Structure formats: C-alpha cells, structure tokens
Amino acid sequence: MPGTRIARTTWSSVSRRPSPTRDRGIPEATVARLPLYLRALNGMAERGIATVSSEDLATAAGVNGAKLRKDLSHLGSYGTRGVGYEVEYLVYQISRELGLTQDWAVAIVGVGNLGRALANYGGFVSRGFRVAALLDADPEVVGDTIAGLNVVHIDELETVIKRRGVSIVVLATPAAAAQAVCDRVVNAGVTSILNFAPVVLSVPDTVEVRKVDLSIELQILAFHEQRKADRESGGPLMAVDSQ
C-alpha cells in the first residue's frame, strides 16, 4: 500500500517516542545498545558504585570497550582519563536520550496470559513506563481487575487512548486480530507499538513498531545448539565447514 511499510522484525526493548537521538544522528545500533548500558549502570548505582571504567562497563553490558566508548561519544560523554564515567550522571544522560525522564502511558491490548504477565510486571514504572489501560474483546475478561486496572472492552480503544494520554500500545492479541487493532491504534494517533502478536504488521512510515517473537528467538538458540552438537559429533556441520 502507498505510504506504508512492513514493520521490521526484531527483538528489542520497548521503543519510545521518535527519539531525539535520531535527530542528532545517533546510529540505530547505538540506540539499541543504550538500554544495555543503562541496565548495567543501574545495577552499579544500586551497589553504591560512583564511577566505572569503560572496560568494566563494557564487560557488564556484554560489548567491547571500543564500541562502548564510541557509543557514549555520540551522547557527548567521554569520561575522565584515569577515573572513568560518573555512574549517576551517565544514568541521567542515557535516560534522557531514551526519553525515560518522562512518564509514558502504555496501553496493553489483549489480556490473555501474556497480557496479564505484562500488566503485572513491576519493572515498567522504574523505567519510565506506566500501564494506563488494559483492553480485550473477551466479555469474560472485560471488567476484571488486573494490577489495579479494570479491563476495558476493545470497542472503547480510541476513547481510552485519548482520555488516558496513551503514547505506546503493546499488542498481545491473537495474530488474526493484530492488524485490525493496529490500524485502529494508528488512526487514534499512536505512533509507537510493541508487537507480541506472531504477525508482521503494515504501518505508515511515521509509526515505529518493534516486534517481540519468542518463538524466533528460541529457533535461533536451537540453531546454535544444533551447531554445537554437530561439532561435537562430527556430523553434517563438519562436512560443510571443511569445504
């Protein structure tokens, strides 16, 4: 369809509003690693660590030191030679770039097992996200109270998005319903969607969709497990590698 694109499929942290990092030319790969640095830094802050070297932070985040230093240079943070980075200030810098210094209202559409688990997840608030609404089409679910919120019927989607100031929608619907719900969400003005439904969504270029597909991640792990098994047994992989 003209003016639409197919949302990319990737495992990711939740995507925020269109980020200032893009406007300032920060590479997407760097943006994708910033949450890793933030998680490591928050752990250090909780342990009372005031400063950290680039190598120690890189190790904690699972990247190499050169890549981390280059990533942080995009934020204008270069650390101090012989001292490293101030943990609290770097937490603030990264949080600001990711848009986490604001309060983001999130609506979860689809309150099955996954939707309920997401609604009850306590880590959202500490990371700048507030679950503001739960919606479902099942009359047996509508009206239930989950994590202090009443489940609202999907017919009220547009009204709920407007009244509760929803910025991000999490889709945890069955695949067959996902595109129709996505279209309504987009028409209601939401431009950031986290998609757990096992389907690729078609959205306008102005809408950011991040897809989380656990089955794909498991298949990738299975691939690596099979490769290890083939190496150990001298199976088909060895024959391929020898060519």
# chains A, B, ... in the order shown; residues from 1 in each chain; ligands from 1
$ select_by_dssp --residues "region 109-222 of chain A" --states "strand (DSSP E)" --output "number ranges by chain"
A: 109, 129-136, 145-146, 149-153, 168-171, 192-195, 202-204, 208-211
$ closest_atom_pairs --of "region 161-230 of chain A" --to "region 142-155 of chain A" --cutoff "12 Å" --atoms "only C-alpha atoms" --output "CSV"
residue,atom,partner,partner_atom,distance
A:Ile161,CA,A:Ile154,CA,11.0
A:Leu171,CA,A:Ile154,CA,11.9
A:Thr173,CA,A:Ile154,CA,11.0
A:Ala177,CA,A:Ile154,CA,11.3
A:Ala180,CA,A:Ile154,CA,11.4
A:Val181,CA,A:Ile154,CA,8.8
A:Cys182,CA,A:Ile154,CA,11.9
A:Arg184,CA,A:Ile154,CA,10.2
A:Val185,CA,A:Ile154,CA,10.8
$ closest_residue --among "A:Val131, A:Leu221, A:Ala229, A:Val52" --to "Val166 (chain A)" --atoms "only C-alpha atoms"
A:Val131
$ closest_residue --among "A:Leu135, A:Glu55, A:Asn187, A:Arg39" --to "Gly123 (chain A)" --atoms "only C-alpha atoms"
A:Arg39
$ closest_residue --among "A:Val125, A:Ile220, A:Ala178, A:Ala61" --to "Val200 (chain A)" --atoms "only C-alpha atoms"
A:Ala178
$ select_by_dssp --residues "region 149-235 of chain A" --states "alpha helix (DSSP H)" --output "PDB file with N, CA and C atoms, in the first residue's frame"
ATOM      1  N   LEU A 157     -11.396   1.474  22.551  1.00  0.00           N
ATOM      2  CA  LEU A 157      -9.961   1.693  22.340  1.00  0.00           C
ATOM      3  C   LEU A 157      -9.619   3.159  22.084  1.00  0.00           C
ATOM      4  N   GLU A 158     -10.259   3.756  21.101  1.00  0.00           N
ATOM      5  CA  GLU A 158      -9.924   5.134  20.732  1.00  0.00           C
ATOM      6  C   GLU A 158     -10.192   6.107  21.880  1.00  0.00           C
ATOM      7  N   THR A 159     -11.289   5.911  22.586  1.00  0.00           N
ATOM      8  CA  THR A 159     -11.621   6.789  23.704  1.00  0.00           C
ATOM      9  C   THR A 159     -10.602   6.657  24.823  1.00  0.00           C
ATOM     10  N   VAL A 160     -10.211   5.426  25.112  1.00  0.00           N
ATOM     11  CA  VAL A 160      -9.234   5.180  26.181  1.00  0.00           C
ATOM     12  C   VAL A 160      -7.892   5.802  25.836  1.00  0.00           C
ATOM     13  N   ILE A 161      -7.457   5.649  24.591  1.00  0.00           N
ATOM     14  CA  ILE A 161      -6.177   6.213  24.177  1.00  0.00           C
ATOM     15  C   ILE A 161      -6.172   7.724  24.378  1.00  0.00           C
ATOM     16  N   LYS A 162      -7.265   8.363  24.015  1.00  0.00           N
ATOM     17  CA  LYS A 162      -7.341   9.823  24.133  1.00  0.00           C
ATOM     18  C   LYS A 162      -7.437  10.270  25.587  1.00  0.00           C
ATOM     19  N   ARG A 163      -8.334   9.663  26.341  1.00  0.00           N
ATOM     20  CA  ARG A 163      -8.583  10.122  27.714  1.00  0.00           C
ATOM     21  C   ARG A 163      -7.407   9.836  28.647  1.00  0.00           C
ATOM     22  N   ALA A 175      -2.890 -13.462  16.370  1.00  0.00           N
ATOM     23  CA  ALA A 175      -2.395 -12.970  15.084  1.00  0.00           C
ATOM     24  C   ALA A 175      -3.512 -12.445  14.195  1.00  0.00           C
ATOM     25  N   ALA A 176      -4.643 -13.141  14.182  1.00  0.00           N
ATOM     26  CA  ALA A 176      -5.733 -12.774  13.279  1.00  0.00           C
ATOM     27  C   ALA A 176      -6.308 -11.395  13.567  1.00  0.00           C
ATOM     28  N   ALA A 177      -6.181 -10.945  14.801  1.00  0.00           N
ATOM     29  CA  ALA A 177      -6.764  -9.648  15.180  1.00  0.00           C
ATOM     30  C   ALA A 177      -5.759  -8.514  15.169  1.00  0.00           C
ATOM     31  N   ALA A 178      -4.479  -8.829  15.067  1.00  0.00           N
ATOM     32  CA  ALA A 178      -3.437  -7.831  15.296  1.00  0.00           C
ATOM     33  C   ALA A 178      -3.473  -6.669  14.306  1.00  0.00           C
ATOM     34  N   GLN A 179      -3.603  -6.953  13.004  1.00  0.00           N
ATOM     35  CA  GLN A 179      -3.556  -5.864  12.024  1.00  0.00           C
ATOM     36  C   GLN A 179      -4.733  -4.910  12.176  1.00  0.00           C
ATOM     37  N   ALA A 180      -5.915  -5.446  12.399  1.00  0.00           N
ATOM     38  CA  ALA A 180      -7.095  -4.592  12.562  1.00  0.00           C
ATOM     39  C   ALA A 180      -6.948  -3.700  13.791  1.00  0.00           C
ATOM     40  N   VAL A 181      -6.450  -4.271  14.883  1.00  0.00           N
ATOM     41  CA  VAL A 181      -6.245  -3.468  16.096  1.00  0.00           C
ATOM     42  C   VAL A 181      -5.155  -2.434  15.851  1.00  0.00           C
ATOM     43  N   CYS A 182      -4.098  -2.849  15.172  1.00  0.00           N
ATOM     44  CA  CYS A 182      -3.009  -1.930  14.842  1.00  0.00           C
ATOM     45  C   CYS A 182      -3.529  -0.742  14.047  1.00  0.00           C
ATOM     46  N   ASP A 183      -4.372  -0.993  13.059  1.00  0.00           N
ATOM     47  CA  ASP A 183      -4.927   0.089  12.247  1.00  0.00           C
ATOM     48  C   ASP A 183      -5.702   1.077  13.107  1.00  0.00           C
ATOM     49  N   ARG A 184      -6.483   0.566  14.043  1.00  0.00           N
ATOM     50  CA  ARG A 184      -7.253   1.450  14.919  1.00  0.00           C
ATOM     51  C   ARG A 184      -6.331   2.259  15.826  1.00  0.00           C
ATOM     52  N   VAL A 185      -5.293   1.609  16.323  1.00  0.00           N
ATOM     53  CA  VAL A 185      -4.329   2.288  17.195  1.00  0.00           C
ATOM     54  C   VAL A 185      -3.658   3.438  16.443  1.00  0.00           C
ATOM     55  N   VAL A 186      -3.243   3.164  15.211  1.00  0.00           N
ATOM     56  CA  VAL A 186      -2.585   4.188  14.400  1.00  0.00           C
ATOM     57  C   VAL A 186      -3.547   5.328  14.085  1.00  0.00           C
ATOM     58  N   ASN A 187      -4.771   4.997  13.728  1.00  0.00           N
ATOM     59  CA  ASN A 187      -5.770   6.027  13.425  1.00  0.00           C
ATOM     60  C   ASN A 187      -6.096   6.876  14.646  1.00  0.00           C
ATOM     61  N   LEU A 214       9.069 -14.611  20.617  1.00  0.00           N
ATOM     62  CA  LEU A 214       9.820 -15.569  21.433  1.00  0.00           C
ATOM     63  C   LEU A 214      10.137 -16.837  20.660  1.00  0.00           C
ATOM     64  N   SER A 215       9.242 -17.248  19.760  1.00  0.00           N
ATOM     65  CA  SER A 215       9.486 -18.483  19.011  1.00  0.00           C
ATOM     66  C   SER A 215      10.689 -18.322  18.093  1.00  0.00           C
ATOM     67  N   ILE A 216      10.856 -17.138  17.502  1.00  0.00           N
ATOM     68  CA  ILE A 216      12.020 -16.902  16.648  1.00  0.00           C
ATOM     69  C   ILE A 216      13.298 -16.950  17.463  1.00  0.00           C
ATOM     70  N   GLU A 217      13.278 -16.335  18.631  1.00  0.00           N
ATOM     71  CA  GLU A 217      14.470 -16.361  19.481  1.00  0.00           C
ATOM     72  C   GLU A 217      14.821 -17.782  19.889  1.00  0.00           C
ATOM     73  N   LEU A 218      13.808 -18.599  20.194  1.00  0.00           N
ATOM     74  CA  LEU A 218      14.063 -19.995  20.543  1.00  0.00           C
ATOM     75  C   LEU A 218      14.619 -20.765  19.358  1.00  0.00           C
ATOM     76  N   GLN A 219      14.117 -20.473  18.159  1.00  0.00           N
ATOM     77  CA  GLN A 219      14.628 -21.149  16.964  1.00  0.00           C
ATOM     78  C   GLN A 219      16.090 -20.800  16.715  1.00  0.00           C
ATOM     79  N   ILE A 220      16.455 -19.541  16.968  1.00  0.00           N
ATOM     80  CA  ILE A 220      17.851 -19.137  16.804  1.00  0.00           C
ATOM     81  C   ILE A 220      18.739 -19.865  17.809  1.00  0.00           C
ATOM     82  N   LEU A 221      18.256 -19.969  19.049  1.00  0.00           N
ATOM     83  CA  LEU A 221      19.015 -20.724  20.051  1.00  0.00           C
ATOM     84  C   LEU A 221      19.138 -22.188  19.659  1.00  0.00           C
ATOM     85  N   ALA A 222      18.049 -22.749  19.111  1.00  0.00           N
ATOM     86  CA  ALA A 222      18.089 -24.148  18.667  1.00  0.00           C
ATOM     87  C   ALA A 222      19.120 -24.336  17.565  1.00  0.00           C
ATOM     88  N   PHE A 223      19.213 -23.360  16.665  1.00  0.00           N
ATOM     89  CA  PHE A 223      20.211 -23.417  15.598  1.00  0.00           C
ATOM     90  C   PHE A 223      21.614 -23.515  16.184  1.00  0.00           C
ATOM     91  N   HIS A 224      21.913 -22.659  17.163  1.00  0.00           N
ATOM     92  CA  HIS A 224      23.253 -22.673  17.765  1.00  0.00           C
ATOM     93  C   HIS A 224      23.497 -23.962  18.544  1.00  0.00           C
ATOM     94  N   GLU A 225      22.467 -24.470  19.217  1.00  0.00           N
ATOM     95  CA  GLU A 225      22.611 -25.743  19.919  1.00  0.00           C
ATOM     96  C   GLU A 225      22.915 -26.869  18.934  1.00  0.00           C
ATOM     97  N   GLN A 226      22.234 -26.849  17.780  1.00  0.00           N
ATOM     98  CA  GLN A 226      22.469 -27.884  16.773  1.00  0.00           C
ATOM     99  C   GLN A 226      23.880 -27.795  16.217  1.00  0.00           C
ATOM    100  N   ARG A 227      24.357 -26.579  16.002  1.00  0.00           N
ATOM    101  CA  ARG A 227      25.730 -26.404  15.505  1.00  0.00           C
ATOM    102  C   ARG A 227      26.741 -26.975  16.504  1.00  0.00           C
ATOM    103  N   LYS A 228      26.513 -26.702  17.798  1.00  0.00           N
ATOM    104  CA  LYS A 228      27.426 -27.235  18.808  1.00  0.00           C
ATOM    105  C   LYS A 228      27.380 -28.756  18.822  1.00  0.00           C
ATOM    106  N   ALA A 229      26.169 -29.305  18.709  1.00  0.00           N
ATOM    107  CA  ALA A 229      26.031 -30.760  18.703  1.00  0.00           C
ATOM    108  C   ALA A 229      26.718 -31.373  17.488  1.00  0.00           C
ATOM    109  N   ASP A 230      26.610 -30.723  16.333  1.00  0.00           N
ATOM    110  CA  ASP A 230      27.248 -31.228  15.123  1.00  0.00           C
ATOM    111  C   ASP A 230      28.762 -31.203  15.246  1.00  0.00           C
ATOM    112  N   ARG A 231      29.288 -30.140  15.864  1.00  0.00           N
ATOM    113  CA  ARG A 231      30.744 -30.070  16.050  1.00  0.00           C
ATOM    114  C   ARG A 231      31.243 -31.207  16.936  1.00  0.00           C
ATOM    115  N   GLU A 232      30.483 -31.449  18.013  1.00  0.00           N
ATOM    116  CA  GLU A 232      30.907 -32.478  18.955  1.00  0.00           C
ATOM    117  C   GLU A 232      30.808 -33.880  18.365  1.00  0.00           C
ATOM    118  N   SER A 233      29.834 -34.079  17.470  1.00  0.00           N
ATOM    119  CA  SER A 233      29.629 -35.423  16.916  1.00  0.00           C
ATOM    120  C   SER A 233      30.309 -35.632  15.573  1.00  0.00           C
TER     121      SER A 233
END
